[in-house]
Structures are given as structure tokens and as C-alpha cells.
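Below is query.cif, which holds mmCIF, C-alpha atoms.
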```cif
data_entry
#
loop_
_atom_site.label_atom_id
_atom_site.label_comp_id
_atom_site.auth_asym_id
_atom_site.auth_seq_id
_atom_site.Cartn_x
_atom_site.Cartn_y
_atom_site.Cartn_z
CA MET A 25 0.00 0.00 0.00
CA PRO A 26 1.45 3.35 -1.00
CA ALA A 27 2.66 5.46 1.95
CA GLY A 28 0.33 8.34 1.03
CA LEU A 29 -2.74 6.11 1.02
CA ARG A 30 -1.69 4.54 4.30
CA THR A 31 -1.33 7.99 5.87
CA ALA A 32 -4.71 9.08 4.52
CA LEU A 33 -6.44 5.99 5.91
CA LEU A 34 -4.79 6.46 9.28
CA ALA A 35 -5.79 10.12 9.40
CA GLY A 36 -9.34 9.24 8.36
CA SER A 37 -9.56 6.60 11.07
CA VAL A 38 -8.40 9.08 13.67
CA VAL A 39 -11.00 11.63 12.52
CA ILE A 40 -13.76 9.00 12.67
CA LEU A 41 -12.71 7.92 16.16
CA VAL A 42 -12.63 11.53 17.36
CA VAL A 43 -16.08 12.19 15.89
CA LEU A 44 -17.46 9.02 17.51
CA PHE A 45 -15.86 9.94 20.83
CA LEU A 46 -17.22 13.49 20.79
CA THR A 47 -20.66 12.29 19.72
CA GLY A 48 -20.68 9.66 22.46
CA PHE A 49 -19.46 12.15 25.04
CA ARG A 50 -22.10 14.71 24.07
CA PHE A 51 -24.81 12.06 24.19
CA TYR A 52 -23.61 10.84 27.59
CA SER A 53 -23.43 14.40 28.91
CA TYR A 54 -26.94 15.09 27.59
CA THR A 55 -28.42 12.02 29.27
CA GLN A 56 -26.60 12.59 32.55
CA ASN A 57 -26.55 16.38 32.89
CA ASN A 58 -29.47 17.83 30.97
CA PRO A 59 -32.87 17.65 32.71
CA GLN A 60 -34.52 17.92 29.28
CA PHE A 61 -33.52 14.30 28.70
CA CYS A 62 -36.00 13.24 31.40
CA LEU A 63 -38.80 14.73 29.30
CA SER A 64 -38.11 12.15 26.59
CA CYS A 65 -40.22 9.87 28.80
CA HIS A 66 -43.88 10.76 28.23
CA LEU A 67 -44.67 10.21 31.93
CA MET A 68 -42.27 12.86 33.22
CA ALA A 69 -44.18 16.03 32.31
CA GLN A 70 -45.73 16.55 35.75
CA PRO A 71 -42.58 15.65 37.76
CA TYR A 72 -40.61 18.02 35.51
CA GLU A 73 -43.06 20.87 36.10
CA LEU A 74 -42.98 20.29 39.86
CA TRP A 75 -39.17 20.24 39.80
CA GLN A 76 -39.12 23.56 37.94
CA THR A 77 -41.12 25.22 40.75
CA SER A 78 -39.19 23.61 43.60
CA GLU A 79 -36.22 24.74 45.68
CA HIS A 80 -34.07 22.37 43.59
CA LYS A 81 -34.93 23.84 40.20
CA SER A 82 -31.26 24.70 39.60
CA VAL A 83 -30.05 21.22 40.61
CA ASN A 84 -29.43 18.65 37.90
CA CYS A 85 -31.65 15.55 38.14
CA HIS A 86 -28.72 13.15 38.42
CA SER A 87 -27.26 15.11 41.33
CA CYS A 88 -30.02 13.61 43.47
CA HIS A 89 -31.18 10.63 41.45
CA GLU A 90 -28.06 8.53 41.29
CA ALA A 91 -28.36 5.56 38.92
CA SER A 92 -25.88 3.14 37.41
CA ILE A 93 -25.49 2.80 33.63
CA LYS A 94 -27.15 -0.62 33.89
CA SER A 95 -30.12 0.80 35.79
CA SER A 96 -30.50 3.69 33.35
CA LEU A 97 -30.40 1.41 30.31
CA SER A 98 -32.94 -0.87 31.97
CA GLN A 99 -35.33 2.08 32.39
CA VAL A 100 -34.91 3.08 28.75
CA TYR A 101 -35.55 -0.50 27.64
CA GLU A 102 -38.70 -0.69 29.77
CA GLN A 103 -40.03 2.58 28.33
CA VAL A 104 -39.41 1.45 24.73
CA THR A 105 -40.72 -2.10 25.03
CA LYS A 106 -43.48 -1.94 27.66
CA HIS A 107 -44.85 1.62 27.32
CA PRO A 108 -45.88 1.92 31.02
CA THR A 109 -48.75 4.23 31.89
CA THR A 110 -47.66 5.03 35.45
CA ILE A 111 -44.36 5.99 37.02
CA THR A 112 -42.86 3.29 39.20
CA LYS A 113 -40.19 3.80 41.85
CA HIS A 114 -37.10 4.13 39.72
CA ALA A 115 -34.65 6.58 41.30
CA VAL A 116 -34.05 6.28 45.02
CA VAL A 117 -32.45 9.36 46.58
CA PRO A 118 -29.93 8.29 49.25
CA SER A 119 -29.12 10.55 52.18
CA THR A 120 -25.57 10.87 50.91
CA ALA A 121 -26.93 12.78 47.92
CA CYS A 122 -28.66 15.28 50.22
CA GLN A 123 -25.61 15.57 52.47
CA SER A 124 -23.37 16.42 49.53
CA CYS A 125 -25.07 19.84 49.42
CA HIS A 126 -26.56 20.32 52.88
CA THR A 127 -23.63 19.61 55.18
CA GLY A 128 -21.47 22.63 54.50
CA LYS A 129 -19.97 21.27 51.30
CA GLY A 130 -22.68 22.29 48.89
CA PRO A 131 -23.18 25.27 46.59
CA THR A 132 -23.87 28.77 47.88
CA GLY A 133 -27.48 29.07 49.01
CA ALA A 134 -27.92 25.44 50.07
CA LYS A 135 -29.16 25.28 53.67
CA ASP A 136 -26.46 23.83 55.93
CA ILE A 137 -28.05 21.42 58.44
CA THR A 138 -24.77 20.35 60.05
CA GLY A 139 -25.13 20.06 63.82
CA THR A 140 -28.79 21.12 63.96
CA ASN A 141 -30.83 19.52 66.74
CA VAL A 142 -33.44 17.75 64.65
CA HIS A 143 -30.84 16.30 62.30
CA ILE A 144 -28.44 15.22 65.05
CA ILE A 145 -31.20 13.14 66.64
CA HIS A 146 -32.97 11.81 63.56
CA ALA A 147 -30.26 11.61 60.88
CA ASP A 148 -27.04 11.15 62.84
CA LYS A 149 -28.23 9.07 65.79
CA GLN A 150 -31.32 7.28 64.47
CA LYS A 151 -29.99 6.99 60.90
CA LEU A 152 -33.28 8.01 59.29
CA GLU A 153 -33.16 8.67 55.56
CA CYS A 154 -33.68 12.32 54.63
CA THR A 155 -36.63 11.45 52.39
CA GLN A 156 -38.60 10.09 55.36
CA CYS A 157 -39.27 13.70 56.40
CA HIS A 158 -38.37 15.65 53.26
CA SER A 159 -39.87 15.09 49.84
CA THR A 160 -42.88 13.24 51.24
CA SER A 161 -44.67 14.37 48.07
CA LEU A 162 -43.17 14.58 44.60
CA HIS A 163 -40.45 17.25 44.30
CA ARG A 164 -41.59 19.10 47.44
CA PHE A 165 -38.66 19.22 49.83
CA GLU A 166 -39.75 21.37 52.77
CA ALA A 167 -40.79 19.04 55.58
CA PRO A 168 -44.59 19.36 56.10
CA GLU A 169 -45.74 21.04 59.30
CA ASN A 170 -47.30 17.82 60.57
CA ILE A 171 -44.41 15.54 59.58
CA CYS A 172 -43.57 14.81 63.24
CA GLN A 173 -46.93 13.07 63.55
CA LYS A 174 -45.72 10.42 61.12
CA CYS A 175 -43.64 8.83 63.90
CA HIS A 176 -44.75 10.66 67.04
CA GLN A 177 -48.47 9.93 66.83
CA ALA A 178 -48.74 9.56 70.60
CA ASN A 179 -47.68 13.21 71.04
CA PHE A 180 -50.57 14.57 69.03
CA GLN A 181 -54.22 15.14 69.93
CA GLY A 182 -55.79 11.94 71.15
CA GLY A 183 -52.45 10.27 71.89
CA ASP A 184 -51.12 9.23 75.30
CA LYS A 185 -48.45 11.94 75.16
CA ALA A 186 -50.56 14.72 73.69
CA GLU A 187 -50.08 18.23 75.05
CA LYS A 188 -51.74 18.43 78.48
CA ILE A 189 -51.48 22.19 79.13
CA ALA A 190 -54.50 24.23 78.07
CA GLY A 191 -53.57 26.89 75.55
CA MET A 192 -50.63 24.92 74.20
CA GLN A 193 -52.52 22.10 72.57
CA ASN A 194 -52.69 23.75 69.16
CA LEU A 195 -49.07 24.87 68.99
CA LYS A 196 -46.72 23.52 66.33
CA CYS A 197 -43.86 21.30 67.47
CA SER A 198 -41.38 23.98 66.42
CA SER A 199 -43.04 26.48 68.78
CA CYS A 200 -41.28 24.80 71.70
CA HIS A 201 -38.73 22.47 70.13
CA ASP A 202 -35.88 24.35 68.49
CA LEU A 203 -35.47 22.09 65.47
CA LEU A 204 -32.71 24.00 63.71
CA GLY A 205 -30.88 25.22 66.80
CA LYS A 206 -27.52 23.76 67.77
CA SER A 207 -27.92 22.98 71.45
CA GLY A 208 -27.66 19.25 70.77
CA ALA A 209 -31.13 18.44 72.16
CA LEU A 210 -34.77 19.06 71.31
CA VAL A 211 -35.89 19.60 74.90
CA PRO A 212 -37.05 23.24 75.23
CA THR A 213 -34.65 25.44 77.16
CA ARG A 214 -35.67 27.94 79.85
CA ALA A 215 -35.11 30.75 77.34
CA THR A 216 -37.52 29.10 74.90
CA CYS A 217 -40.29 28.89 77.48
CA ILE A 218 -39.76 32.48 78.62
CA THR A 219 -40.41 33.79 75.11
CA CYS A 220 -44.11 33.11 75.83
CA HIS A 221 -44.17 32.89 79.63
CA ALA A 222 -42.23 36.10 80.28
CA GLN A 223 -43.81 36.81 83.68
CA ALA A 224 -43.42 33.31 85.11
CA PRO A 225 -39.82 33.69 86.35
CA LYS A 226 -40.70 36.94 88.13
CA THR A 227 -43.53 35.67 90.33
CA GLY A 228 -44.00 33.46 93.37
CA LEU A 229 -41.66 30.58 93.98
CA HIS A 230 -40.34 30.76 90.44
CA ALA A 231 -38.36 33.80 91.62
CA ALA A 232 -38.20 33.31 95.40
CA VAL A 233 -36.32 30.02 95.46
CA GLN A 234 -32.88 30.00 93.87
CA MET A 235 -33.17 26.39 92.71
CA HIS A 236 -36.41 27.19 90.88
CA ALA A 237 -35.03 30.40 89.41
CA GLN A 238 -32.02 28.67 87.88
CA SER A 239 -33.52 25.36 86.75
CA ASP A 240 -34.75 24.65 83.27
CA CYS A 241 -38.54 24.67 83.14
CA TYR A 242 -38.77 21.06 81.91
CA VAL A 243 -37.36 19.82 85.24
CA CYS A 244 -40.79 20.49 86.78
CA HIS A 245 -43.08 21.14 83.81
CA LYS A 246 -43.73 18.16 81.54
CA PRO A 247 -46.40 19.32 79.06
CA HIS A 248 -46.75 15.93 77.39
CA VAL A 249 -47.25 14.19 80.74
CA GLU A 250 -49.28 16.42 83.08
CA PRO A 251 -51.01 19.84 82.94
CA ALA A 252 -49.18 21.06 86.06
CA PRO A 253 -46.42 19.66 88.29
CA SER A 254 -47.77 16.96 90.60
CA ARG A 255 -46.71 16.18 94.14
CA ALA A 256 -44.56 13.36 92.78
CA THR A 257 -42.74 15.80 90.50
CA CYS A 258 -41.91 18.11 93.42
CA GLN A 259 -40.71 15.21 95.53
CA THR A 260 -38.08 14.20 93.00
CA CYS A 261 -36.08 17.09 94.49
CA HIS A 262 -37.80 17.64 97.85
CA THR A 263 -37.24 14.13 99.15
CA ASP A 264 -37.39 15.32 102.76
CA ARG A 265 -41.08 16.28 102.35
CA GLN A 266 -42.44 12.81 101.65
CA ASN A 267 -44.62 12.90 104.78
CA HIS A 268 -45.39 16.60 104.70
CA PHE A 269 -49.19 16.76 104.45
CA PRO A 270 -49.34 13.60 102.35
CA GLY A 271 -51.95 13.48 99.60
CA ILE A 272 -52.11 17.26 99.13
CA VAL A 273 -50.76 18.79 95.94
CA CYS A 274 -47.88 21.10 96.84
CA ARG A 275 -49.15 24.08 94.89
CA THR A 276 -52.26 24.12 97.08
CA CYS A 277 -50.16 25.94 99.69
CA HIS A 278 -47.02 26.92 97.84
CA SER A 279 -47.90 29.44 95.16
CA PHE A 280 -45.83 29.98 92.04
CA THR A 281 -47.94 32.92 90.92
CA THR A 282 -48.45 35.17 93.96
CA GLY A 283 -45.70 34.38 96.42
CA GLY A 284 -47.03 31.55 98.62
CA GLY A 285 -45.04 29.65 101.20
CA ASP A 286 -41.39 28.66 101.05
#
```
Full structure transcribed into C-alpha cells:
Amino acid sequence: MPAGLRTALLAGSVVILVVLFLTGFRFYSYTQNNPQFCLSCHLMAQPYELWQTSEHKSVNCHSCHEASIKSSLSQVYEQVTKHPTTITKHAVVPSTACQSCHTGKGPTGAKDITGTNVHIIHADKQKLECTQCHSTSLHRFEAPENICQKCHQANFQGGDKAEKIAGMQNLKCSSCHDLLGKSGALVPTRATCITCHAQAPKTGLHAAVQMHAQSDCYVCHKPHVEPAPSRATCQTCHTDRQNHFPGIVCRTCHSFTTGGGD
């Protein structure tokens, strides 16, 4: 074969390989990085519209929906051969995908939940998946107001641990429990209670007794257990008063609102 022809064939082969590589790369990039590709499935119109009006509208689909090449090809094959009429569960979102943006490593504007009370307890300690509270409906990521009821049914109206204090029964969980604070616990602090009960620390035995004035409110007040501290609650600290007028509730004589006894 003449040298010139050999050179021409080699050059042509290189050009063809480059064209094939670039075409393949562009196709791969389109399928993996362009949300418009999802619309090639006739069932994705509504999910796409919901995504466009969500907090994640600037996030590429595959950033959350991680799928292997095998899984992706399987979905394409199913669409072409079976023509399904409903969307089946096809793209699980693992917590690691959420954490890649929401634990201080994500893009500017992504809410950092690192070290927040609700996530320490539920995500870090209990290992709950993010999607158990977030994205409970399609492409809606803000946790619903009543999401706590999903697991904590007993703490809501009609449950054994429902709010017992009149006037607090219709409050949201976040009214008392600082979900996004960084105290390390969800138990309301004294400061939290005082935001509503501003006068309480200034009256009666709340102010007169140093131990009461410095203790966190939840030591005595247990809203999900009793409407007001019982004799048994007082005796957890006042162990020397076990036989002091037994059977009588302490607040009958010792007032926390007007001064009372000591």
C-alpha cells in the first residue's frame, strides 16, 4: 500500500474515532446532565413541572437521582418495550446525595443542616433517611408542618403523650422544640419557654427560690405528661417532704404565681 494512502487511511480513522468519541461524550453528557432528557419519557411532564417550581430547580436531576449505567439502560428498555402508563419507583435518593449539598460542602445558598438539633437526633443518631421527612410528596422538599406526627403519633391530639397544658394544645412542634438550633437536644430550654411565659420567672416561687429560678422549666413542667407539676414531680427534688401533708398537691399551699409559702 502506498505510503500516502496509508497515511490518509490512518488520518481518516483518527478523525472517525474523534467524531465518535465526541458524539458519544455529548450524548452521555446530555443524558446525565441535561434535565430535558427526562422529558423524553412521556410520563415525566408533571414531575418536571414540579421540579421547575421547587427549591431544587437549579439542581441537575442526576445530582439527586443517582443511577448506574445498567439501571439507566434498563429504564430506557422498559419505556421502549413496555410503554408503562404510570411511574414506578425508579430513582431512590440516598441521604448521601442530600448531604453532599446540605452539610457545609454544597453550593452557595444550600441550607447547611450540620449540627442542627433535629438532624443530630434523627439523621445522625437514628440513621433516618432524609426522604422520610423531606420530599414526602413529589419534588416538594420542605418538611410538612405535621411531619412529626408520622412517627410521634402519641404526642398529638388523642395520643397518650398529647399536650396536656390548656392553651398549648394547638401549637406547632417547632413552637417549643428548636429544630434548627444547635444545642444538641430538642428539649425546650428555659429561654424558649420564657419567650411566651415572660412573667413566670418573676412571680412566686419561680423567683423566690434559687433552685427554681435557675432550673430549666422542663425539670418540673412536663407538658406531654401532666397539665401542672404533681406532688410526685416536686418530691423528685424535695425528698425530705415525703410525709409533709401527704396526699395534698404542693401548689395548694405553695404558690408559684403570687408568692405563697417557702
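Here atom CA of Cys65 of chain A stands at a distance of 20.2 Å from atom CA of Ser78 of chain A.
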Practice problem: Please write as a list in words the list of polymer residues whose atoms come within 12 Å of (-40.4, 14.5, 54.5), counting all atoms listed in the file and keeping to the coordinates of the file. | Solution: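 Residues satisfying the cut-off, written out: Leu152, Glu153, Cys154, Thr155, Gln156, Cys157, His158, Ser159, Thr160, Ser161, Leu162, His163, Arg164, Phe165, Glu166, Ala167, Pro168, Glu169, Asn170, Ile171, Cys172, Gln173, Lys174 and Cys175 of chain A.
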Would you pick out the contacts of segment 194-204 of chain A at 8 Å or less, using only C-alpha atoms, so that residues sharing its chain but fewer than 4 positions from it are not included, and give the list as a PDB file with C-alpha atoms, in the frame of the given file?
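Below is the file that was written, out-v2.pdb:
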```pdb
ATOM      1  CA  ILE A 137     -28.050  21.420  58.440  1.00  0.00           C
ATOM      2  CA  THR A 140     -28.790  21.120  63.960  1.00  0.00           C
ATOM      3  CA  ASN A 141     -30.830  19.520  66.740  1.00  0.00           C
ATOM      4  CA  VAL A 142     -33.440  17.750  64.650  1.00  0.00           C
ATOM      5  CA  GLU A 169     -45.740  21.040  59.300  1.00  0.00           C
ATOM      6  CA  CYS A 172     -43.570  14.810  63.240  1.00  0.00           C
ATOM      7  CA  LEU A 210     -34.770  19.060  71.310  1.00  0.00           C
ATOM      8  CA  VAL A 211     -35.890  19.600  74.900  1.00  0.00           C
ATOM      9  CA  PRO A 212     -37.050  23.240  75.230  1.00  0.00           C
ATOM     10  CA  THR A 216     -37.520  29.100  74.900  1.00  0.00           C
ATOM     11  CA  CYS A 217     -40.290  28.890  77.480  1.00  0.00           C
TER      12      CYS A 217
END
```
Taking 2 positions as the minimum chain separation for residues in the same chain, which residues sit within 12 Å of Phe280 of chain A when counting only C-alpha atoms? Answer as a CSV table (one decimal) with C-alpha atoms, in the coordinates of the input.
```csv
chain,number,residue,atom,x,y,z
A,223,GLN,CA,-43.8,36.8,83.7
A,224,ALA,CA,-43.4,33.3,85.1
A,225,PRO,CA,-39.8,33.7,86.4
A,226,LYS,CA,-40.7,36.9,88.1
A,227,THR,CA,-43.5,35.7,90.3
A,228,GLY,CA,-44.0,33.5,93.4
A,229,LEU,CA,-41.7,30.6,94.0
A,230,HIS,CA,-40.3,30.8,90.4
A,231,ALA,CA,-38.4,33.8,91.6
A,232,ALA,CA,-38.2,33.3,95.4
A,233,VAL,CA,-36.3,30.0,95.5
A,236,HIS,CA,-36.4,27.2,90.9
A,237,ALA,CA,-35.0,30.4,89.4
A,244,CYS,CA,-40.8,20.5,86.8
A,252,ALA,CA,-49.2,21.1,86.1
A,253,PRO,CA,-46.4,19.7,88.3
A,274,CYS,CA,-47.9,21.1,96.8
A,275,ARG,CA,-49.2,24.1,94.9
A,276,THR,CA,-52.3,24.1,97.1
A,277,CYS,CA,-50.2,25.9,99.7
A,278,HIS,CA,-47.0,26.9,97.8
A,282,THR,CA,-48.4,35.2,94.0
A,283,GLY,CA,-45.7,34.4,96.4
A,284,GLY,CA,-47.0,31.6,98.6
A,285,GLY,CA,-45.0,29.6,101.2
A,286,ASP,CA,-41.4,28.7,101.0
```
Exercise. Could you tell me which of A:Ala215, A:Arg255, A:Cys261, A:Val39 comes closest to Val243 of chain A if we count all atoms listed in the file?
Key: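 The closest residue to Val243 of chain A is A:Cys261.
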Explicit residue set for the PyMOL selection byres ((chain A and resi 94-111) around 12), as a short mmCIF file (atom, residue, chain, number, x, y, z; two decimals) with C-alpha atoms, keeping the file's coordinate frame:
```cif
data_model
loop_
_atom_site.label_atom_id
_atom_site.label_comp_id
_atom_site.auth_asym_id
_atom_site.auth_seq_id
_atom_site.Cartn_x
_atom_site.Cartn_y
_atom_site.Cartn_z
CA TYR A 52 -23.61 10.84 27.59
CA THR A 55 -28.42 12.02 29.27
CA GLN A 56 -26.60 12.59 32.55
CA PHE A 61 -33.52 14.30 28.70
CA CYS A 62 -36.00 13.24 31.40
CA SER A 64 -38.11 12.15 26.59
CA CYS A 65 -40.22 9.87 28.80
CA HIS A 66 -43.88 10.76 28.23
CA LEU A 67 -44.67 10.21 31.93
CA MET A 68 -42.27 12.86 33.22
CA ALA A 69 -44.18 16.03 32.31
CA GLN A 70 -45.73 16.55 35.75
CA PRO A 71 -42.58 15.65 37.76
CA HIS A 86 -28.72 13.15 38.42
CA HIS A 89 -31.18 10.63 41.45
CA GLU A 90 -28.06 8.53 41.29
CA ALA A 91 -28.36 5.56 38.92
CA SER A 92 -25.88 3.14 37.41
CA ILE A 93 -25.49 2.80 33.63
CA THR A 112 -42.86 3.29 39.20
CA LYS A 113 -40.19 3.80 41.85
CA HIS A 114 -37.10 4.13 39.72
CA ALA A 115 -34.65 6.58 41.30
CA VAL A 116 -34.05 6.28 45.02
CA LEU A 162 -43.17 14.58 44.60
#
```
Self-check item: Between atom CA of His248 of chain A and atom CA of Asn179 of chain A - distance in Å to one decimal
Solution: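 Computed distance, atom CA of Asn179 of chain A to atom CA of His248 of chain A, equals 7.0 Å.
What separates atom CA of Asn84 of chain A from atom CA of Arg50 of chain A is a distance of 16.1 Å.
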If the box runs along x, y and z of the file and leaves 8 Å on each side of segment 180-189 of chain A, what are its centre and edge lengths in Å, one decimal, as JSON?
```
{"center_x": -52.1, "center_y": 15.7, "center_z": 74.1, "size_x": 23.3, "size_y": 29.0, "size_z": 26.1}
```
Quiz item: Can you list, as a PyMOL selection string, every protein, DNA or RNA residue that comes within 9 Å of Cys125 of chain A when you count only C-alpha atoms, leaving out same-chain residues fewer than 6 positions away?
Solution: chain A and resi 131+134-136
Quiz item: Please, which residues are within 8 Å of (-49.0, 22.7, 80.2) by the file's coordinates, counting all atoms listed in the file, and could they come as a PyMOL selection string?
Solution: chain A and resi 187-192+245-248+250-252
If you keep C-alpha atoms, can you produce a file of those selected residues as a PDB file, keeping the file's coordinate frame?
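For reference, part_38.pdb as written:
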```pdb
ATOM      1  CA  GLU A 187     -50.080  18.230  75.050  1.00  0.00           C
ATOM      2  CA  LYS A 188     -51.740  18.430  78.480  1.00  0.00           C
ATOM      3  CA  ILE A 189     -51.480  22.190  79.130  1.00  0.00           C
ATOM      4  CA  ALA A 190     -54.500  24.230  78.070  1.00  0.00           C
ATOM      5  CA  GLY A 191     -53.570  26.890  75.550  1.00  0.00           C
ATOM      6  CA  MET A 192     -50.630  24.920  74.200  1.00  0.00           C
ATOM      7  CA  HIS A 245     -43.080  21.140  83.810  1.00  0.00           C
ATOM      8  CA  LYS A 246     -43.730  18.160  81.540  1.00  0.00           C
ATOM      9  CA  PRO A 247     -46.400  19.320  79.060  1.00  0.00           C
ATOM     10  CA  HIS A 248     -46.750  15.930  77.390  1.00  0.00           C
ATOM     11  CA  GLU A 250     -49.280  16.420  83.080  1.00  0.00           C
ATOM     12  CA  PRO A 251     -51.010  19.840  82.940  1.00  0.00           C
ATOM     13  CA  ALA A 252     -49.180  21.060  86.060  1.00  0.00           C
TER      14      ALA A 252
END
```
